[in-house]
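Asker: Could you have a look at this structure, given as structure tokens, before my questions?
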Amino acid sequence: MGQHDKIEKLIANLGELPTLPVVIQKINALLSNPRTTAAEVGQAISTDQAIATKIIRLVNSALYGFPGRISTITHAIVILGFSTVKNVILTTTILSRFDLHKNVQGFDMMGLWKHSVAVGSIARLIAQEIGFRGKEEAFVGGLLHDLGKVVHALYLPESFLQVVNNAHEKHGLFYDSEMEIHGATHVDIGSWIAEKWNLPNDLAMVIAHHHTPTKAGNHMLLASIVHLADILARALEAGNPGDQSIPVVDLEAWSQLGLTEAQILRIFELSEGEIERASVFLQVND
């Protein structure tokens with residue numbers, strides 16, 4: 001069985017994934033049009049009151065620095081900008097599709113979500129340190145980089161636990177364990193979801209290439225940021241990525257980021273507070 005067939009087989013067993021609400025497609029179209037006004041986006045989001053309420057709660061959290069001062073989606077766009085609000089909408093909508101508190105046959109799913117929040121938080125700090133303009137995209141890329149693992153765990157729990165147990169027994173990486181057992185990995189599942197949900201290209205590239213950032217084409221820098229953030233989050237033992245190993249950093253990615261020792265130390269110092277503030281995303285369904 002070839003690599004492609006193995007991926008197809010794994011994905012075919014997942015069954016029906018939840019769909020994203022129609023409002024997301026509408027908002028993505030609005031936000032990609034430079035003539036769109038804040039009021040138009042606010043109006044579109046307000047058609048899904050549950051999502052709108054969650055977004056208002058998130059933008060008023062300490063993470064964005066305006067606690068309790070933003071009253072409408074339009075107001076949020078004016079203060080935080082289109083890019084930030086677009087990413088909050090996208091993340092909120094995706095996280096709302098899952099029960100974040102559900103455990104899978106003894107596996108602590110909240111640990112996996114906490115790892116994801118840590119990667120997003122550290123990715124934002126790395127982006128800040130190197131002057132990368134898309135620091136919100138780095139956060140979302142980090143937060144959603146392991147979407148394939150989440151879906152694997154929730155929809156094929158036995159197969160997922162087989163991978164976890166094998167990784168633990170061999171003191172190896174989850175990724176290598178997946179390849180050994182299935183010949184396909186969470187990045188394959190994640191890429192399939194990104195296509196199915198029509199996610200933005202930069203996010204799709206991060207999901208597909210956070211282990212292989214040099215293959216991310218025009219989005220190599222963003223993928224490199226998330227790649228390093230994943231490694232640093234593991235070094236900090238923040239959350240549970242499904243294994244207890246730390247991958248080797250890609251040298252080309254490391255070289256492109258050009259971080260000094262002092263910058264890495266600063267990222268470590270700031271990460272705890274940043275992770276704590278970003279944990280508000282894990283309360284999106286509460």
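Starting from 1 in every chain, residues are counted up; chains themselves are A, B, ... following the order of the structure tokens, and ligands are numbered from 1 as listed.
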For stretch 222-233 of chain A, list every protein, DNA or RNA residue within 7 Å, evaluated using only C-alpha atoms, and leave out those in the same chain fewer than 3 positions away; present the list as a PyMOL selection string.

Answerer: chain A and resi 115+118-119+122-123+126-127+138+141-142+206+209-211+213+216+219+236-238+246-247+249+253

Asker: Report as number ranges by chain all protein, DNA and RNA residues lying within 6 Å of A:Ala167, evaluated on only C-alpha atoms, omitting residues in the same chain fewer than 6 positions from it.

Answerer: A: 173-174, 177, 243

Asker: Those residues you just picked out, can you put them in a file as a PDB file, in the first residue's frame with C-alpha atoms?

Answerer:
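Produced file part.pdb, reproduced below:
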```pdb
ATOM      1  CA  LEU A 173       7.903  11.090  18.887  1.00  0.00           C
ATOM      2  CA  PHE A 174       4.166  10.831  18.262  1.00  0.00           C
ATOM      3  CA  SER A 177       4.865   6.419  15.989  1.00  0.00           C
ATOM      4  CA  ASP A 243       4.509  11.917  23.659  1.00  0.00           C
TER       5      ASP A 243
END
```

Asker: Would you give me, as an MDAnalysis selection string, the residues in stretch 214-284 of chain A that DSSP reads as helix (DSSP H, G or I)?

Answerer: chainID A and resid 214:215 217:235 251:257 261:283

Asker: Could you give me, as a Markdown table, a per-residue list for stretch 164-208 of chain A showing, wherever an atom lies at most 12 Å from an atom of stretch 82-91 of chain A, the closest pair of atoms and their distance in Å to one decimal, using only C-alpha atoms and sorting by chain then residue number from low to high?

Answerer:
```
| residue | atom | partner | partner_atom | distance |
| --- | --- | --- | --- | --- |
| A:Trp197 | CA | A:Leu90 | CA | 10.9 |
| A:Asn198 | CA | A:Leu90 | CA | 11.3 |
| A:Leu199 | CA | A:Leu90 | CA | 8.7 |
| A:Pro200 | CA | A:Leu90 | CA | 9.6 |
| A:Asp202 | CA | A:Asn87 | CA | 11.9 |
| A:Leu203 | CA | A:Asn87 | CA | 10.3 |
```

Asker: Under the rule that only C-alpha atoms are counted, which of A:His145, A:Arg266, A:Lys196, A:Lys215 is the nearest residue to A:Ser116?

Answerer: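 Ranked by minimum distance to A:Ser116, first place goes to A:His145.
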
Asker: Could you check how far atom CA of A:Trp192 sits from atom CA of A:Leu147, in Å to one decimal?

Answerer: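 Atom CA of A:Leu147 lies at a distance of 10.4 Å from atom CA of A:Trp192.
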
Asker: So what do you get for atom CA of A:Thr214 versus atom CA of A:Phe268, distance-wise?

Answerer: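 Rounded to one decimal, the two atoms are 24.5 Å apart.
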
Asker: Need to verify the contact set: A:His152, 9 Å, only C-alpha atoms, exclusion of same-chain residues closer than 3 positions in sequence. Can you return it as a list in words?

Answerer: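 In the requested form, the answer reads Ile11, Leu14, Leu147, Gly148, Lys149, Tyr155, Leu156, Pro157, Ser159, Phe160, His186 and Ile189 of chain A.
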
Asker: Those residues with N, CA and C atoms, as a PDB file, in the first residue's frame please?

Answerer:
```
ATOM      1  N   ILE A  11      -8.109   8.460   6.678  1.00  0.00           N
ATOM      2  CA  ILE A  11      -9.121   9.516   6.598  1.00  0.00           C
ATOM      3  C   ILE A  11     -10.521   8.930   6.356  1.00  0.00           C
ATOM      4  N   LEU A  14     -12.445   8.076   9.407  1.00  0.00           N
ATOM      5  CA  LEU A  14     -12.823   9.138  10.343  1.00  0.00           C
ATOM      6  C   LEU A  14     -14.326   9.404  10.351  1.00  0.00           C
ATOM      7  N   LEU A 147      -4.421  20.123  14.924  1.00  0.00           N
ATOM      8  CA  LEU A 147      -5.838  19.831  14.673  1.00  0.00           C
ATOM      9  C   LEU A 147      -6.026  18.379  14.233  1.00  0.00           C
ATOM     10  N   GLY A 148      -5.085  17.858  13.460  1.00  0.00           N
ATOM     11  CA  GLY A 148      -5.150  16.468  12.993  1.00  0.00           C
ATOM     12  C   GLY A 148      -5.119  15.480  14.153  1.00  0.00           C
ATOM     13  N   LYS A 149      -4.335  15.791  15.205  1.00  0.00           N
ATOM     14  CA  LYS A 149      -4.269  14.920  16.397  1.00  0.00           C
ATOM     15  C   LYS A 149      -5.616  14.922  17.121  1.00  0.00           C
ATOM     16  N   TYR A 155     -12.235  10.938  16.841  1.00  0.00           N
ATOM     17  CA  TYR A 155     -12.986  10.138  15.874  1.00  0.00           C
ATOM     18  C   TYR A 155     -12.462   8.710  15.712  1.00  0.00           C
ATOM     19  N   LEU A 156     -11.172   8.481  16.053  1.00  0.00           N
ATOM     20  CA  LEU A 156     -10.608   7.126  16.002  1.00  0.00           C
ATOM     21  C   LEU A 156      -9.811   6.885  17.286  1.00  0.00           C
ATOM     22  N   PRO A 157     -10.484   6.885  18.449  1.00  0.00           N
ATOM     23  CA  PRO A 157      -9.772   6.852  19.724  1.00  0.00           C
ATOM     24  C   PRO A 157      -8.847   5.647  19.922  1.00  0.00           C
ATOM     25  N   SER A 159      -7.284   3.818  17.645  1.00  0.00           N
ATOM     26  CA  SER A 159      -6.120   3.992  16.771  1.00  0.00           C
ATOM     27  C   SER A 159      -5.181   5.065  17.345  1.00  0.00           C
ATOM     28  N   PHE A 160      -5.759   6.139  17.879  1.00  0.00           N
ATOM     29  CA  PHE A 160      -4.973   7.239  18.462  1.00  0.00           C
ATOM     30  C   PHE A 160      -4.181   6.736  19.676  1.00  0.00           C
ATOM     31  N   HIS A 186      -0.743  12.955  11.722  1.00  0.00           N
ATOM     32  CA  HIS A 186      -1.727  14.002  12.045  1.00  0.00           C
ATOM     33  C   HIS A 186      -1.643  15.178  11.069  1.00  0.00           C
ATOM     34  N   ILE A 189      -3.996  14.237   8.271  1.00  0.00           N
ATOM     35  CA  ILE A 189      -5.399  14.437   8.682  1.00  0.00           C
ATOM     36  C   ILE A 189      -5.697  15.934   8.742  1.00  0.00           C
TER      37      ILE A 189
END
```

Asker: One decimal, in Å: what's the spacing between atom CA of A:Arg57 and atom CA of A:Asp99?

Answerer: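 Atom-to-atom, atom CA of A:Arg57 to atom CA of A:Asp99, that is 18.4 Å.
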
Asker: Nearest to A:Val117: which of A:Ile275, A:Ala184, A:Ile56, A:Leu270 is it, counting only C-alpha atoms?

Answerer: A:Ile275

Asker: Pick out the residues sitting within 12 Å of stretch 63-74 of chain A, and hand them over as an MDAnalysis selection string; count only C-alpha atoms, and ignore anything fewer than 2 positions along from it in its own chain.

Answerer: chainID A and resid 36:49 51:61 76:82 84:86 88:89 121 124 136 139 273:281

Asker: Mind dumping the selected residues with C-alpha atoms as a PDB file, in the first residue's frame?

Answerer:
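Below you can see result16.pdb, which holds the result:
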```pdb
ATOM      1  CA  THR A  36     -15.310  45.759   3.368  1.00  0.00           C
ATOM      2  CA  THR A  37     -16.228  47.963   6.324  1.00  0.00           C
ATOM      3  CA  ALA A  38     -16.119  47.050  10.020  1.00  0.00           C
ATOM      4  CA  ALA A  39     -19.910  47.485  10.176  1.00  0.00           C
ATOM      5  CA  GLU A  40     -20.453  44.905   7.393  1.00  0.00           C
ATOM      6  CA  VAL A  41     -18.322  42.308   9.224  1.00  0.00           C
ATOM      7  CA  GLY A  42     -20.079  43.088  12.502  1.00  0.00           C
ATOM      8  CA  GLN A  43     -23.466  42.613  10.828  1.00  0.00           C
ATOM      9  CA  ALA A  44     -22.422  39.256   9.301  1.00  0.00           C
ATOM     10  CA  ILE A  45     -21.126  37.890  12.621  1.00  0.00           C
ATOM     11  CA  SER A  46     -24.214  39.084  14.477  1.00  0.00           C
ATOM     12  CA  THR A  47     -26.318  36.643  12.417  1.00  0.00           C
ATOM     13  CA  ASP A  48     -24.767  33.893  14.598  1.00  0.00           C
ATOM     14  CA  GLN A  49     -25.426  35.243  18.086  1.00  0.00           C
ATOM     15  CA  ILE A  51     -20.423  32.956  18.025  1.00  0.00           C
ATOM     16  CA  ALA A  52     -20.766  36.758  18.361  1.00  0.00           C
ATOM     17  CA  THR A  53     -21.101  36.477  22.170  1.00  0.00           C
ATOM     18  CA  LYS A  54     -18.011  34.257  22.404  1.00  0.00           C
ATOM     19  CA  ILE A  55     -15.969  36.663  20.259  1.00  0.00           C
ATOM     20  CA  ILE A  56     -16.937  39.661  22.412  1.00  0.00           C
ATOM     21  CA  ARG A  57     -15.906  37.716  25.519  1.00  0.00           C
ATOM     22  CA  LEU A  58     -12.522  36.789  23.986  1.00  0.00           C
ATOM     23  CA  VAL A  59     -11.619  40.252  22.694  1.00  0.00           C
ATOM     24  CA  ASN A  60     -12.417  41.640  26.160  1.00  0.00           C
ATOM     25  CA  SER A  61      -9.967  39.233  27.826  1.00  0.00           C
ATOM     26  CA  ALA A  76     -13.522  45.229  18.216  1.00  0.00           C
ATOM     27  CA  ILE A  77     -12.485  45.642  14.561  1.00  0.00           C
ATOM     28  CA  VAL A  78     -11.867  49.378  15.008  1.00  0.00           C
ATOM     29  CA  ILE A  79      -9.680  48.808  18.097  1.00  0.00           C
ATOM     30  CA  LEU A  80      -7.941  45.504  17.263  1.00  0.00           C
ATOM     31  CA  GLY A  81      -7.960  45.572  13.457  1.00  0.00           C
ATOM     32  CA  PHE A  82      -9.392  43.252  10.816  1.00  0.00           C
ATOM     33  CA  THR A  84      -6.883  40.097  14.785  1.00  0.00           C
ATOM     34  CA  VAL A  85     -10.681  39.911  14.738  1.00  0.00           C
ATOM     35  CA  LYS A  86     -10.644  37.606  11.680  1.00  0.00           C
ATOM     36  CA  VAL A  88     -10.403  35.359  16.717  1.00  0.00           C
ATOM     37  CA  ILE A  89     -13.521  34.553  14.658  1.00  0.00           C
ATOM     38  CA  SER A 121       1.438  31.776  22.770  1.00  0.00           C
ATOM     39  CA  ARG A 124       3.255  34.941  19.019  1.00  0.00           C
ATOM     40  CA  GLU A 136      -1.824  36.894  15.193  1.00  0.00           C
ATOM     41  CA  PHE A 139      -0.791  32.510  17.357  1.00  0.00           C
ATOM     42  CA  GLY A 273       2.127  34.848  31.457  1.00  0.00           C
ATOM     43  CA  GLU A 274       1.290  34.708  27.750  1.00  0.00           C
ATOM     44  CA  ILE A 275       0.073  31.082  27.999  1.00  0.00           C
ATOM     45  CA  GLU A 276      -2.058  31.951  31.028  1.00  0.00           C
ATOM     46  CA  ARG A 277      -3.737  34.872  29.215  1.00  0.00           C
ATOM     47  CA  ALA A 278      -4.293  32.812  26.053  1.00  0.00           C
ATOM     48  CA  SER A 279      -5.963  30.025  28.053  1.00  0.00           C
ATOM     49  CA  VAL A 280      -9.164  32.071  27.743  1.00  0.00           C
ATOM     50  CA  PHE A 281      -9.570  30.284  24.365  1.00  0.00           C
TER      51      PHE A 281
END
```
